[in-house]
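Novice: Sharing a structure, written as structure tokens. Questions coming.
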Amino acid sequence: MTTATAVLREMRWWDIEPVLELEHELFPDDAWSAGMFWSELAHARGPRATHRYVVAEDPADGRVVGYAGLASAGDLADVQTIAVSRDHWGGGLGSELLTDLLRYATAFECGAVLLEVRVDNTRAQKLYERFGFEPIGFRRGYYQPGNIDALVMRLTVQGTETD
């Protein structure tokens with residue numbers, strides 16, 4: 001998939017290092033470790049894959065400028081992570097990444113998608129609201145070490161039913 005500013009493709013192990021650089025730039029206090037990404041990617045390939053991880057590359061220089069991940073279990077999916085480099089904010093890349101994840105939630109036959117977002121990240125919250133996610137609760141002190149609360153949001157996937 002191509003956007004005006006990036007090309008989306010499946011994340012592979014060799015993307016972990018550039019993804020970590022972006023992760024530490026955007027989330028310095030609660031960045032994921034290499035081991036966390038390795039663990040997620042272990043479930044993202046093959047006939048029993050339950051995860052989808054994607055990177056966005058700048059076509060001009062091949063630099064990773066965004067990434068996103070989704071995990072599914074049964075009929076429920078969870079957006080694990082989504083990030084866009086600051087120099088690509090406002091260009092629709094976050095929407096492209098989220099669209100890709102939601103397409104896979106449907107392919108995984110999930111009836112709902114959950115996510116957690118920092119309560120102080122209104123930019124991301126607005127993106128999720130545009131896609132139809134609704135707040136359903138909070139997780140107190142979820143983001144450590146800053147002890148920042150998470151807003152939990154849910155989207156019911158069209159064409160499926162959950163109880």
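Just remember, in the structure tokens the first chain shown is A, the second B, etc., residues are 1-based per chain, and ligands are 1-based in the order shown.
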Near range 153-156 of chain A, counting only C-alpha atoms, which residues have an atom at most 6 Å away, once you skip same-chain residues fewer than 2 positions from it, shown as a PyMOL selection string?

Specialist: chain A and resi 111-115+133-136

Novice: For the selection you just gave me, I'd like the residues written to a file as an mmCIF file, in the first residue's frame, keeping all heavy atoms.

Specialist:
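Full text of result_18.cif as output:
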```
data_model
loop_
_atom_site.group_PDB
_atom_site.id
_atom_site.type_symbol
_atom_site.label_atom_id
_atom_site.label_comp_id
_atom_site.auth_asym_id
_atom_site.auth_seq_id
_atom_site.Cartn_x
_atom_site.Cartn_y
_atom_site.Cartn_z
ATOM 1 N N GLY A 111 -14.643 -9.450 16.214
ATOM 2 C CA GLY A 111 -15.853 -8.659 16.288
ATOM 3 C C GLY A 111 -15.639 -7.295 16.906
ATOM 4 O O GLY A 111 -16.469 -6.401 16.755
ATOM 5 N N ALA A 112 -14.526 -7.134 17.610
ATOM 6 C CA ALA A 112 -14.238 -5.857 18.254
ATOM 7 C C ALA A 112 -12.729 -5.656 18.323
ATOM 8 O O ALA A 112 -11.958 -6.615 18.337
ATOM 9 C CB ALA A 112 -14.835 -5.805 19.655
ATOM 10 N N VAL A 113 -12.354 -4.388 18.370
ATOM 11 C CA VAL A 113 -10.951 -4.004 18.504
ATOM 12 C C VAL A 113 -10.843 -3.074 19.707
ATOM 13 O O VAL A 113 -11.605 -2.112 19.816
ATOM 14 C CB VAL A 113 -10.431 -3.290 17.235
ATOM 15 C CG1 VAL A 113 -8.974 -2.894 17.396
ATOM 16 C CG2 VAL A 113 -10.633 -4.155 16.002
ATOM 17 N N LEU A 114 -9.915 -3.378 20.577
ATOM 18 C CA LEU A 114 -9.638 -2.546 21.745
ATOM 19 C C LEU A 114 -8.294 -1.860 21.581
ATOM 20 O O LEU A 114 -7.450 -2.307 20.798
ATOM 21 C CB LEU A 114 -9.590 -3.395 23.018
ATOM 22 C CG LEU A 114 -10.871 -4.084 23.439
ATOM 23 C CD1 LEU A 114 -10.603 -4.987 24.638
ATOM 24 C CD2 LEU A 114 -11.949 -3.075 23.766
ATOM 25 N N LEU A 115 -8.100 -0.802 22.328
ATOM 26 C CA LEU A 115 -6.798 -0.150 22.410
ATOM 27 C C LEU A 115 -6.721 0.664 23.675
ATOM 28 O O LEU A 115 -7.741 0.993 24.283
ATOM 29 C CB LEU A 115 -6.524 0.720 21.174
ATOM 30 C CG LEU A 115 -7.468 1.887 20.860
ATOM 31 C CD1 LEU A 115 -7.166 3.126 21.706
ATOM 32 C CD2 LEU A 115 -7.359 2.244 19.401
ATOM 33 N N PHE A 133 -13.935 4.513 17.251
ATOM 34 C CA PHE A 133 -13.624 3.987 18.579
ATOM 35 C C PHE A 133 -14.334 4.836 19.627
ATOM 36 O O PHE A 133 -14.411 6.064 19.493
ATOM 37 C CB PHE A 133 -12.113 4.028 18.848
ATOM 38 C CG PHE A 133 -11.332 2.927 18.192
ATOM 39 C CD1 PHE A 133 -10.885 3.052 16.894
ATOM 40 C CD2 PHE A 133 -11.041 1.760 18.895
ATOM 41 C CE1 PHE A 133 -10.158 2.042 16.285
ATOM 42 C CE2 PHE A 133 -10.314 0.742 18.294
ATOM 43 C CZ PHE A 133 -9.871 0.880 16.985
ATOM 44 N N GLU A 134 -14.830 4.172 20.661
ATOM 45 C CA GLU A 134 -15.519 4.859 21.746
ATOM 46 C C GLU A 134 -14.837 4.534 23.068
ATOM 47 O O GLU A 134 -14.408 3.396 23.287
ATOM 48 C CB GLU A 134 -16.982 4.412 21.807
ATOM 49 C CG GLU A 134 -17.763 4.771 20.556
ATOM 50 C CD GLU A 134 -19.189 4.259 20.585
ATOM 51 O OE1 GLU A 134 -19.493 3.346 21.386
ATOM 52 O OE2 GLU A 134 -19.997 4.776 19.796
ATOM 53 N N PRO A 135 -14.763 5.529 23.967
ATOM 54 C CA PRO A 135 -14.154 5.270 25.283
ATOM 55 C C PRO A 135 -15.019 4.308 26.081
ATOM 56 O O PRO A 135 -16.248 4.420 26.079
ATOM 57 C CB PRO A 135 -14.138 6.649 25.948
ATOM 58 C CG PRO A 135 -14.567 7.634 24.929
ATOM 59 C CD PRO A 135 -15.191 6.910 23.800
ATOM 60 N N ILE A 136 -14.352 3.351 26.759
ATOM 61 C CA ILE A 136 -15.109 2.417 27.599
ATOM 62 C C ILE A 136 -14.551 2.332 29.016
ATOM 63 O O ILE A 136 -15.136 1.644 29.849
ATOM 64 C CB ILE A 136 -15.170 1.006 26.971
ATOM 65 C CG1 ILE A 136 -13.772 0.397 26.803
ATOM 66 C CG2 ILE A 136 -15.945 1.028 25.670
ATOM 67 C CD1 ILE A 136 -13.783 -1.084 26.471
#
```

Novice: Which residues are near Asp120 in chain A? Cut-off 12 Å, only C-alpha atoms, ignore same chain within fewer than 4 positions. Put them as a list in words.

Specialist: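 Result of the neighbour search: Glu116, Ala124, Gln125, Lys126, Tyr143, Gly146, Asn147, Ile148, Asp149, Ala150 and Leu151 of chain A.
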
Novice: For Val7 in chain A, which residue among A:Val157, A:Leu127, A:Leu97, A:Ala73 is the nearest when counting only C-alpha atoms?

Specialist: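 With only C-alpha atoms as the atom set, the closest residue is A:Leu97.
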
Novice: Which neighbours of range 89-96 of chain A fall inside 9 Å, counting only C-alpha atoms, when residues of the same chain fewer than 2 positions from it are skipped, and could you give them as a list in words?

Specialist: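 So, after excluding close chain neighbours, the residues are Met1, Thr2, Thr3, Ala4, Thr5, Ala6, Leu8, Ala56, Gly66, Tyr67, Ala68, Ile82, Ala83, Val84, Ser85, Arg86, Asp87, Leu98, Thr99, Asp100, Leu101, Ala124, Leu127, Tyr128 and Phe131 of chain A.
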
Novice: Show which residues sit within 7 Å of His51 in chain A, as a ChimeraX atom specification. Count only C-alpha atoms, and ignore same-chain residues fewer than 5 positions away.

Specialist: /A:43-44,70-72

Novice: Could you work out how far CA of Ile16 in chain A lies from CA of Val79 in chain A, giving the answer in Å with one decimal?

Specialist: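 One can read the CA of Val79 in chain A to CA of Ile16 in chain A distance as 17.9 Å.
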
Novice: What are the DSSP helix (DSSP H, G or I) residues of range 99-155 of chain A, as number ranges by chain?

Specialist: A: 99-107, 122-130

Novice: Could those residues be written to a file, using N, CA and C atoms, as a PDB file, in the first residue's frame?

Specialist:
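Wrote again.pdb, looks like this:
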```pdb
ATOM      1  N   THR A  99      -5.944   1.856   9.347  1.00  0.00           N
ATOM      2  CA  THR A  99      -6.772   1.166   8.354  1.00  0.00           C
ATOM      3  C   THR A  99      -6.228  -0.220   8.066  1.00  0.00           C
ATOM      4  N   ASP A 100      -4.914  -0.331   7.933  1.00  0.00           N
ATOM      5  CA  ASP A 100      -4.284  -1.625   7.689  1.00  0.00           C
ATOM      6  C   ASP A 100      -4.575  -2.579   8.842  1.00  0.00           C
ATOM      7  N   LEU A 101      -4.417  -2.122  10.074  1.00  0.00           N
ATOM      8  CA  LEU A 101      -4.670  -2.978  11.228  1.00  0.00           C
ATOM      9  C   LEU A 101      -6.125  -3.429  11.279  1.00  0.00           C
ATOM     10  N   LEU A 102      -7.042  -2.521  10.994  1.00  0.00           N
ATOM     11  CA  LEU A 102      -8.461  -2.874  11.055  1.00  0.00           C
ATOM     12  C   LEU A 102      -8.835  -3.860   9.957  1.00  0.00           C
ATOM     13  N   ARG A 103      -8.194  -3.766   8.828  1.00  0.00           N
ATOM     14  CA  ARG A 103      -8.418  -4.741   7.755  1.00  0.00           C
ATOM     15  C   ARG A 103      -8.012  -6.140   8.233  1.00  0.00           C
ATOM     16  N   TYR A 104      -6.904  -6.213   8.964  1.00  0.00           N
ATOM     17  CA  TYR A 104      -6.467  -7.497   9.492  1.00  0.00           C
ATOM     18  C   TYR A 104      -7.350  -7.977  10.638  1.00  0.00           C
ATOM     19  N   ALA A 105      -7.885  -7.074  11.439  1.00  0.00           N
ATOM     20  CA  ALA A 105      -8.827  -7.484  12.484  1.00  0.00           C
ATOM     21  C   ALA A 105     -10.026  -8.184  11.842  1.00  0.00           C
ATOM     22  N   THR A 106     -10.477  -7.671  10.720  1.00  0.00           N
ATOM     23  CA  THR A 106     -11.572  -8.314   9.987  1.00  0.00           C
ATOM     24  C   THR A 106     -11.127  -9.665   9.436  1.00  0.00           C
ATOM     25  N   ALA A 107      -9.928  -9.730   8.875  1.00  0.00           N
ATOM     26  CA  ALA A 107      -9.411 -10.993   8.345  1.00  0.00           C
ATOM     27  C   ALA A 107      -9.255 -12.041   9.453  1.00  0.00           C
ATOM     28  N   THR A 122      -4.150  13.562  23.129  1.00  0.00           N
ATOM     29  CA  THR A 122      -5.416  13.914  22.466  1.00  0.00           C
ATOM     30  C   THR A 122      -5.328  13.762  20.953  1.00  0.00           C
ATOM     31  N   ARG A 123      -4.154  13.928  20.390  1.00  0.00           N
ATOM     32  CA  ARG A 123      -3.984  13.756  18.934  1.00  0.00           C
ATOM     33  C   ARG A 123      -4.378  12.335  18.525  1.00  0.00           C
ATOM     34  N   ALA A 124      -3.865  11.339  19.225  1.00  0.00           N
ATOM     35  CA  ALA A 124      -4.200   9.948  18.919  1.00  0.00           C
ATOM     36  C   ALA A 124      -5.673   9.667  19.215  1.00  0.00           C
ATOM     37  N   GLN A 125      -6.184  10.192  20.306  1.00  0.00           N
ATOM     38  CA  GLN A 125      -7.592   9.967  20.643  1.00  0.00           C
ATOM     39  C   GLN A 125      -8.508  10.457  19.534  1.00  0.00           C
ATOM     40  N   LYS A 126      -8.192  11.599  18.965  1.00  0.00           N
ATOM     41  CA  LYS A 126      -9.018  12.137  17.868  1.00  0.00           C
ATOM     42  C   LYS A 126      -8.968  11.222  16.649  1.00  0.00           C
ATOM     43  N   LEU A 127      -7.799  10.667  16.349  1.00  0.00           N
ATOM     44  CA  LEU A 127      -7.684   9.720  15.244  1.00  0.00           C
ATOM     45  C   LEU A 127      -8.605   8.530  15.488  1.00  0.00           C
ATOM     46  N   TYR A 128      -8.525   7.950  16.673  1.00  0.00           N
ATOM     47  CA  TYR A 128      -9.333   6.771  16.976  1.00  0.00           C
ATOM     48  C   TYR A 128     -10.827   7.100  16.934  1.00  0.00           C
ATOM     49  N   GLU A 129     -11.208   8.255  17.423  1.00  0.00           N
ATOM     50  CA  GLU A 129     -12.619   8.659  17.382  1.00  0.00           C
ATOM     51  C   GLU A 129     -13.107   8.791  15.951  1.00  0.00           C
ATOM     52  N   ARG A 130     -12.266   9.303  15.045  1.00  0.00           N
ATOM     53  CA  ARG A 130     -12.655   9.411  13.636  1.00  0.00           C
ATOM     54  C   ARG A 130     -12.957   8.046  13.032  1.00  0.00           C
TER      55      ARG A 130
END
```

Novice: Please measure the separation of CA of Gly74 in chain A and CA of Phe108 in chain A, giving the value in Å to one decimal.

Specialist: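 Distance between the two atoms: 8.5 Å.
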
Novice: Provide the CA of Asp78 in chain A to CA of Glu109 in chain A distance in Å, to one decimal place.

Specialist: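 Going from CA of Asp78 in chain A over to CA of Glu109 in chain A covers 12.8 Å.
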
Novice: When distances are computed from only C-alpha atoms, which of A:Gly62, A:Pro18, A:Pro145, A:Gly69 shows the smallest separation from Thr50 in chain A?

Specialist: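 With only C-alpha atoms as the atom set, the closest residue is A:Gly69.
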
Novice: So, counting only C-alpha atoms, which residue among A:Glu17, A:Pro47, A:Glu57, A:Asn121 is closest to Ala34 in chain A?

Specialist: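 When distances to Ala34 in chain A are compared using only C-alpha atoms, the smallest one comes from A:Glu17.
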
Novice: If we count only C-alpha atoms and set the cut-off at 10 Å, which residues sit around Ser33 in chain A, ignoring sequence neighbours fewer than 3 positions away in its own chain? Please answer as a list in words.

Specialist: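 Here the qualifying residues turn out to be Ile16, Leu20, Glu23, His24, Asp30, Met36, Phe37 and Trp38 of chain A.
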
Novice: Check the DSSP output for the backbone and give back, as a VMD selection string, the residues of chain A in strand (DSSP E).

Specialist: chain A and resid 7 to 10 51 to 57 64 to 73 76 to 84 112 to 118 134 to 143 148 to 156
